[in-house]
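Q: There's a structure below that I have some questions on.
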Amino acid sequence: MKELVAKQRGYFLSGETRTYDFRIEQLKKFKSMIKKYEKDMYRALKADLNKSRHESFTTEIGILYSEIDFMLKHLKDWMKDEEVPAPLTHKGTKSYITYEPYGVVLNISPWNYPFQLSLLPAIGAIAAGNTVVIKPSELAIHSSHLLHQMISDTFSETFVAVVEGGKETTEQLLEQKFDYIFFTGSTRVGKIIMEKASKHLTPVTLELGGKSPTIVDRDVNVGLAAKRIVWGKYTNAGQTCIAPDYVYVHEKVYMKLLKAMKKYIQHFYSKRPLKNEDYARIINKNHFERLLGLLENVKIYHGGNYSKETLTIEPTIVTDVTWDDPVMQEEIFGPILPVMSYRDLDEVIATIQQHERPLALYYFGNNKKNEEKLFHSISFGGGCVNDTLYHVAHPHLPFGGVGASGMGAYHGKFSFETFSHRKSVLRQTTFYDLPVRYPGGKLNEAVAKTLLK
Ligand code: NAD
């Protein structure tokens, strides 16, 4: 690993990765790589998570294509130096901000969207002129092997490399001096990453998780809300960082929403989801059993059946839960959705505020005042009004958490900015030399005071 990082740093210092032409060429190569391996990616996702082709394309592969196209279209503009105006105190100067690549980037990714979350940050890092080491999750093993094959087949390891392995491998990688660390995963491991990064004072982006609330107001289109919540929750069997973790629904529409959600679950996944070939499974036995544990002693409104053989759990709705129940004490990250009713929105806000800042928040309703109240009083990474998940795929919106759900953001231009250092440059005139900054003389002091005050 030491050798790999040294090789990448040597390559970065050669300056080759910095030019516009090089970046564009590599992004095009990246796109061809995805095209070439698209079928293998579907197979790997099926093997790791039983993802359907539709889900694999819409939530992983399609997002990669559109991100690359967006970068190809805008990179020239983003790379331009940004001139800034000169204030009176800096008369005669010309200043600008230039975007400089950090150098060697480490990207550590989780298993739930193994291609999207390994490759999307890498695309940003390349667009910004860096070299990249990708460490995929060992839990999505087919995807991890394929990532290694795809990348080593396409790029020299001095530029982009995949290092496979688990905790120990990551620990060894973290011993090395990287210039930027981009981590996607749990809040618990995020803390370890940040601690390790501090040894070399390496800047980090942490894309973490948490419990993302969904609030359904009384004046809502119940059917549409139910449809979009069911889609957002049970895509990838709930193993999505921004999936609705739980629902607070106004008591006036509580039963209506439950019934409508049940209808859409059956509509999307059939009456026997365990037999549905397109319904995702749980990544491994540990997570499967953890989720079954969350179902103990709770009231199941719908679903709740599971298959130990296929590691599948039905889309499940649970009711009558409190914050003391285990299902409300950790990020669920599976196809279980607690639904609670409320009468007073202020109480809901106060409860959410008492917990860690979520990665996402969703509001369903048409009450502008309530929407503003929620969005202005609760801190969260990003979210939607009358939808779930959709903000993540918007190229003009930064994607990232706040507080325990993470720090930093990416996607589109925000990826370019994340992987670039903003360097300030001031060019001073040599035609004259204003004396005001120099010591000595009452007049200088008086002028300085006037200019700066
Ligand atoms: P995880 O934190 O267990 O693992 C993430 C990565 O860290 C893996 O590559 C793993 O090998 C490595 N790792 C695990 N333990 C480590 C240790 N002790 N030291 C160093 N490295 C270690 O997360 P996961 O289970 O793969 O993913 C699920 C979590 O990720 C959820 O909390 C979810 O919300 C979050 N997530 C966040 C986003 C986001 O964009 N914000 C996206 C997907 C998942």
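Ordering of the structure tokens sets the chain letters (A, B, ...), residue numbers begin anew at 1 in every chain, and ligands are numbered from 1 in the order given.
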Ligand 1: which residues are within 8 Å, counting only C-alpha atoms and all ligand atoms? Reply as a PyMOL selection string.
A: chain A and resi 108-113+117+135-139+165-171+174+183-190+192-193+206-210+239-242+331+333+359+399-401+405-406
Q: Run DSSP on the backbone and tell me which residues of segment 26-268 of chain A come out as strand (DSSP E or B); list them as a ChimeraX atom specification.
A: /A:82-84,94-101,104-108,131-135,160-162,180-184,204-207,213-216,246-250
Q: Pick from A:Arg23, A:Glu82, A:Leu4, A:Lys453: nearest to Val133 of chain A, with only C-alpha atoms counted?
A: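 Nearest to Val133 of chain A: A:Leu4.
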Q: Using only C-alpha atoms, which protein or nucleic acid residues come within 12 Å of segment 431-437 of chain A? Drop anything in the same chain fewer than 4 positions from it, and give the result as a list of chain:residue names.
A: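 Near segment 431-437 of chain A, the qualifying residues are A:Leu88, A:Thr89, A:His90, A:Lys91, A:Gly92, A:Thr93, A:Gly441, A:Lys442, A:Leu443, A:Asn444, A:Glu445, A:Ala446, A:Val447, A:Ala448, A:Lys449, A:Thr450, A:Leu451, A:Leu452.
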Q: Kindly provide the residues of segment 171-232 of chain A that approach segment 385-398 of chain A to within 9 Å, each paired with its closest atom pair and their distance in Å to one decimal, based on only C-alpha atoms, listed by chain and increasing number, as CSV.
A:
residue,atom,partner,partner_atom,distance
A:Thr214,CA,A:Thr388,CA,8.5
A:Val216,CA,A:Asn386,CA,8.8
A:Val220,CA,A:Asn386,CA,8.8
A:Leu224,CA,A:Asn386,CA,8.4
A:Ala225,CA,A:Asn386,CA,6.7
A:Arg228,CA,A:Asp387,CA,5.9
A:Ile229,CA,A:Thr388,CA,6.3
A:Trp231,CA,A:Thr388,CA,8.0
A:Gly232,CA,A:Thr388,CA,5.5
Q: Go through A:Glu16, A:Glu60, A:Glu3, A:Asp40 and flag the residue nearest Ser118 of chain A, using only C-alpha atoms for the distances.
A: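 That would be A:Glu60, the residue with the smallest distance to Ser118 of chain A.
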Q: Mind checking which residues fall within 10 Å of Ala127 of chain A, counting only C-alpha atoms, ignoring those fewer than 5 positions away in the same chain, and posting them as a count of residues only?
A: 25
Q: Using only C-alpha atoms, which residues sit within 9 Å of segment 288-304 of chain A once same-chain residues fewer than 5 positions away are excluded, as a CSV table (one decimal) with N, CA and C atoms, in the first residue's frame?
A:
chain,number,residue,atom,x,y,z
A,258,LEU,N,-51.9,4.3,6.1
A,258,LEU,CA,-51.5,2.9,6.3
A,258,LEU,C,-52.1,2.0,5.2
A,262,LYS,N,-50.1,0.0,2.2
A,262,LYS,CA,-50.2,-1.5,2.0
A,262,LYS,C,-50.6,-1.8,0.5
A,281,ARG,N,-32.6,-8.4,-1.5
A,281,ARG,CA,-32.4,-9.1,-0.3
A,281,ARG,C,-31.5,-8.4,0.7
A,282,ILE,N,-31.4,-8.9,1.9
A,282,ILE,CA,-30.5,-8.3,2.9
A,282,ILE,C,-29.1,-8.8,2.6
A,283,ILE,N,-28.2,-7.9,2.8
A,283,ILE,CA,-26.8,-8.1,2.4
A,283,ILE,C,-26.2,-9.4,3.0
A,311,LEU,N,-32.5,-14.7,2.6
A,311,LEU,CA,-32.2,-13.5,3.4
A,311,LEU,C,-33.1,-12.3,2.9
A,312,THR,N,-34.4,-12.7,2.8
A,312,THR,CA,-35.3,-11.6,2.4
A,312,THR,C,-36.4,-11.4,3.5
A,313,ILE,N,-36.7,-10.1,3.7
A,313,ILE,CA,-37.7,-9.7,4.6
A,313,ILE,C,-38.8,-8.9,3.9
A,314,GLU,N,-40.0,-9.3,4.1
A,314,GLU,CA,-41.1,-8.6,3.3
A,314,GLU,C,-41.1,-7.1,3.7
A,315,PRO,N,-41.5,-6.3,2.7
A,315,PRO,CA,-41.8,-4.8,3.1
A,315,PRO,C,-42.7,-4.8,4.3
A,316,THR,N,-42.3,-4.2,5.4
A,316,THR,CA,-43.0,-4.3,6.6
A,316,THR,C,-43.3,-3.0,7.2
A,317,ILE,N,-44.5,-2.8,7.7
A,317,ILE,CA,-44.9,-1.6,8.4
A,317,ILE,C,-45.2,-2.0,9.8
A,318,VAL,N,-44.7,-1.2,10.7
A,318,VAL,CA,-45.0,-1.5,12.2
A,318,VAL,C,-45.6,-0.2,12.8
A,319,THR,N,-46.5,-0.5,13.7
A,319,THR,CA,-47.2,0.7,14.3
A,319,THR,C,-47.1,0.6,15.8
A,320,ASP,N,-47.6,1.6,16.5
A,320,ASP,CA,-47.7,1.7,17.9
A,320,ASP,C,-46.3,1.7,18.6
A,321,VAL,N,-45.3,2.2,17.9
A,321,VAL,CA,-43.9,2.2,18.5
A,321,VAL,C,-43.7,3.4,19.2
A,325,ASP,N,-38.5,1.8,21.9
A,325,ASP,CA,-38.4,0.5,21.2
A,325,ASP,C,-37.0,0.5,20.4
A,326,PRO,N,-36.4,-0.7,20.4
A,326,PRO,CA,-35.1,-0.8,19.6
A,326,PRO,C,-35.2,-0.3,18.2
A,327,VAL,N,-36.4,-0.5,17.6
A,327,VAL,CA,-36.5,-0.1,16.1
A,327,VAL,C,-36.4,1.4,16.0
A,328,MET,N,-36.6,2.2,17.1
A,328,MET,CA,-36.4,3.6,17.0
A,328,MET,C,-35.1,4.1,17.6
A,332,ILE,N,-32.5,2.0,10.9
A,332,ILE,CA,-33.1,0.7,10.6
A,332,ILE,C,-32.3,0.0,9.4
A,333,PHE,N,-32.1,0.7,8.3
A,333,PHE,CA,-31.4,0.2,7.2
A,333,PHE,C,-31.9,-1.2,6.7
A,334,GLY,N,-33.2,-1.3,6.6
A,334,GLY,CA,-33.8,-2.5,6.1
A,334,GLY,C,-35.3,-2.2,5.9
A,335,PRO,N,-36.1,-3.2,5.4
A,335,PRO,CA,-37.4,-3.0,4.9
A,335,PRO,C,-38.5,-2.9,6.1
A,336,ILE,N,-38.2,-2.2,7.1
A,336,ILE,CA,-39.1,-2.1,8.2
A,336,ILE,C,-39.4,-0.6,8.4
Q: For Arg343 of chain A, find every residue with an atom within 12 Å (counting only C-alpha atoms), except residues of its own chain fewer than 2 positions away, and show them as a tab-separated table (two decimals) with C-alpha atoms, in the first residue's frame.
A:
chain	number	residue	atom	x	y	z
A	215	ILE	CA	-43.71	13.78	8.08
A	216	VAL	CA	-47.14	13.45	6.48
A	217	ASP	CA	-49.44	16.40	7.09
A	218	ARG	CA	-53.25	16.28	7.19
A	248	TYR	CA	-44.95	10.69	11.56
A	249	VAL	CA	-48.43	11.05	10.09
A	250	HIS	CA	-51.17	13.43	11.19
A	251	GLU	CA	-53.82	11.49	13.14
A	252	LYS	CA	-56.54	12.63	10.71
A	253	VAL	CA	-54.97	10.69	7.83
A	254	TYR	CA	-53.21	7.93	9.79
A	340	MET	CA	-46.47	6.95	14.32
A	341	SER	CA	-49.36	9.39	14.43
A	345	LEU	CA	-46.39	19.40	14.63
A	346	ASP	CA	-44.42	21.36	17.23
A	347	GLU	CA	-44.10	18.22	19.31
A	348	VAL	CA	-42.79	16.32	16.31
A	349	ILE	CA	-40.24	19.05	15.67
Q: Report as a PyMOL selection string all protein, DNA and RNA residues lying within 12 Å of Ile378 of chain A, evaluated on only C-alpha atoms, omitting residues in the same chain fewer than 4 positions from it.
A: chain A and resi 212-213+346+348-363+371-374+382-383+402-403
Q: Include N, CA and C atoms and write out the residues we just selected as a PDB file, in the first residue's frame.
A:
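Contents of part11.pdb, freshly written:
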ATOM      1  N   SER A 212     -33.724   9.032   9.120  1.00  0.00           N
ATOM      2  CA  SER A 212     -34.325  10.129   8.347  1.00  0.00           C
ATOM      3  C   SER A 212     -35.847  10.139   8.503  1.00  0.00           C
ATOM      4  N   PRO A 213     -36.400  11.222   9.062  1.00  0.00           N
ATOM      5  CA  PRO A 213     -37.849  11.266   9.293  1.00  0.00           C
ATOM      6  C   PRO A 213     -38.653  11.608   8.033  1.00  0.00           C
ATOM      7  N   ASP A 346     -45.499  20.841  16.374  1.00  0.00           N
ATOM      8  CA  ASP A 346     -44.415  21.364  17.228  1.00  0.00           C
ATOM      9  C   ASP A 346     -43.793  20.262  18.083  1.00  0.00           C
ATOM     10  N   VAL A 348     -43.607  17.131  17.228  1.00  0.00           N
ATOM     11  CA  VAL A 348     -42.788  16.317  16.313  1.00  0.00           C
ATOM     12  C   VAL A 348     -41.428  16.998  16.119  1.00  0.00           C
ATOM     13  N   ILE A 349     -41.481  18.301  15.888  1.00  0.00           N
ATOM     14  CA  ILE A 349     -40.236  19.055  15.675  1.00  0.00           C
ATOM     15  C   ILE A 349     -39.337  18.941  16.912  1.00  0.00           C
ATOM     16  N   ALA A 350     -39.928  19.126  18.077  1.00  0.00           N
ATOM     17  CA  ALA A 350     -39.140  19.066  19.316  1.00  0.00           C
ATOM     18  C   ALA A 350     -38.506  17.683  19.485  1.00  0.00           C
ATOM     19  N   THR A 351     -39.249  16.637  19.130  1.00  0.00           N
ATOM     20  CA  THR A 351     -38.711  15.273  19.271  1.00  0.00           C
ATOM     21  C   THR A 351     -37.545  15.058  18.316  1.00  0.00           C
ATOM     22  N   ILE A 352     -37.720  15.474  17.071  1.00  0.00           N
ATOM     23  CA  ILE A 352     -36.637  15.264  16.086  1.00  0.00           C
ATOM     24  C   ILE A 352     -35.401  16.059  16.503  1.00  0.00           C
ATOM     25  N   GLN A 353     -35.635  17.266  17.023  1.00  0.00           N
ATOM     26  CA  GLN A 353     -34.503  18.104  17.437  1.00  0.00           C
ATOM     27  C   GLN A 353     -33.695  17.476  18.579  1.00  0.00           C
ATOM     28  N   GLN A 354     -34.347  16.622  19.357  1.00  0.00           N
ATOM     29  CA  GLN A 354     -33.624  15.993  20.469  1.00  0.00           C
ATOM     30  C   GLN A 354     -32.694  14.880  20.009  1.00  0.00           C
ATOM     31  N   HIS A 355     -32.847  14.477  18.743  1.00  0.00           N
ATOM     32  CA  HIS A 355     -32.012  13.381  18.237  1.00  0.00           C
ATOM     33  C   HIS A 355     -30.947  13.920  17.288  1.00  0.00           C
ATOM     34  N   GLU A 356     -30.050  13.012  16.869  1.00  0.00           N
ATOM     35  CA  GLU A 356     -28.961  13.428  15.978  1.00  0.00           C
ATOM     36  C   GLU A 356     -29.521  14.001  14.680  1.00  0.00           C
ATOM     37  N   ARG A 357     -28.764  14.895  14.060  1.00  0.00           N
ATOM     38  CA  ARG A 357     -29.232  15.529  12.817  1.00  0.00           C
ATOM     39  C   ARG A 357     -29.301  14.504  11.687  1.00  0.00           C
ATOM     40  N   PRO A 358     -30.479  14.344  11.088  1.00  0.00           N
ATOM     41  CA  PRO A 358     -30.626  13.296  10.065  1.00  0.00           C
ATOM     42  C   PRO A 358     -29.985  13.656   8.728  1.00  0.00           C
ATOM     43  N   LEU A 359     -29.763  12.617   7.926  1.00  0.00           N
ATOM     44  CA  LEU A 359     -29.200  12.817   6.588  1.00  0.00           C
ATOM     45  C   LEU A 359     -30.262  13.384   5.649  1.00  0.00           C
ATOM     46  N   ALA A 360     -31.523  12.931   5.832  1.00  0.00           N
ATOM     47  CA  ALA A 360     -32.605  13.421   4.971  1.00  0.00           C
ATOM     48  C   ALA A 360     -33.856  13.668   5.805  1.00  0.00           C
ATOM     49  N   LEU A 361     -34.734  14.498   5.261  1.00  0.00           N
ATOM     50  CA  LEU A 361     -36.051  14.707   5.879  1.00  0.00           C
ATOM     51  C   LEU A 361     -37.054  14.930   4.755  1.00  0.00           C
ATOM     52  N   TYR A 362     -38.218  14.322   4.917  1.00  0.00           N
ATOM     53  CA  TYR A 362     -39.248  14.444   3.883  1.00  0.00           C
ATOM     54  C   TYR A 362     -40.532  14.964   4.493  1.00  0.00           C
ATOM     55  N   TYR A 363     -41.125  15.934   3.801  1.00  0.00           N
ATOM     56  CA  TYR A 363     -42.410  16.481   4.251  1.00  0.00           C
ATOM     57  C   TYR A 363     -43.443  16.275   3.150  1.00  0.00           C
ATOM     58  N   GLU A 371     -44.487  23.548   6.253  1.00  0.00           N
ATOM     59  CA  GLU A 371     -43.272  23.163   5.516  1.00  0.00           C
ATOM     60  C   GLU A 371     -42.096  24.052   5.941  1.00  0.00           C
ATOM     61  N   GLU A 372     -42.340  25.362   5.973  1.00  0.00           N
ATOM     62  CA  GLU A 372     -41.263  26.285   6.335  1.00  0.00           C
ATOM     63  C   GLU A 372     -40.816  26.086   7.772  1.00  0.00           C
ATOM     64  N   LYS A 373     -41.800  25.863   8.631  1.00  0.00           N
ATOM     65  CA  LYS A 373     -41.495  25.652  10.046  1.00  0.00           C
ATOM     66  C   LYS A 373     -40.547  24.450  10.205  1.00  0.00           C
ATOM     67  N   LEU A 374     -40.914  23.369   9.521  1.00  0.00           N
ATOM     68  CA  LEU A 374     -40.088  22.147   9.607  1.00  0.00           C
ATOM     69  C   LEU A 374     -38.691  22.372   9.042  1.00  0.00           C
ATOM     70  N   GLY A 382     -30.310  16.983   3.591  1.00  0.00           N
ATOM     71  CA  GLY A 382     -31.073  17.444   2.425  1.00  0.00           C
ATOM     72  C   GLY A 382     -32.385  16.686   2.409  1.00  0.00           C
ATOM     73  N   GLY A 383     -33.319  17.133   1.593  1.00  0.00           N
ATOM     74  CA  GLY A 383     -34.590  16.415   1.620  1.00  0.00           C
ATOM     75  C   GLY A 383     -35.531  16.860   0.531  1.00  0.00           C
ATOM     76  N   VAL A 402     -25.023  16.429   7.830  1.00  0.00           N
ATOM     77  CA  VAL A 402     -24.640  17.493   8.764  1.00  0.00           C
ATOM     78  C   VAL A 402     -24.617  16.853  10.158  1.00  0.00           C
ATOM     79  N   GLY A 403     -23.684  17.285  10.987  1.00  0.00           N
ATOM     80  CA  GLY A 403     -23.578  16.687  12.325  1.00  0.00           C
ATOM     81  C   GLY A 403     -23.272  15.204  12.210  1.00  0.00           C
TER      82      GLY A 403
END
Q: So what do you get for atom CA of Val104 of chain A versus atom CA of Val5 of chain A, distance-wise?
A: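 According to the coordinates, atom CA of Val104 of chain A and atom CA of Val5 of chain A are separated by 7.3 Å.
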Q: What is the distance, in Å and to one decimal place, between atom CA of Tyr99 of chain A and atom CA of Arg422 of chain A?
A: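 Here the two named atoms are 4.9 Å from each other.
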Q: With only C-alpha atoms as the atoms that count, which of A:Gly223, A:Phe414, A:Ala6, A:Glu83 lies nearest to Asp179 of chain A?
A: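 Checking each candidate against Asp179 of chain A, we get A:Ala6 as the closest.
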Q: What's the separation between atom CA of Gly124 of chain A and atom CA of His421 of chain A, in Å to one decimal place?
A: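 Between atom CA of Gly124 of chain A and atom CA of His421 of chain A the gap works out to 13.2 Å.
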Q: Could you find all residues in segment 8-195 of chain A that DSSP calls helix (DSSP H, G or I) from the backbone, and write them as a ChimeraX atom specification?
A: /A:8-13,16-18,20-49,53-79,88-90,116-127,141-154,167-175,187-195
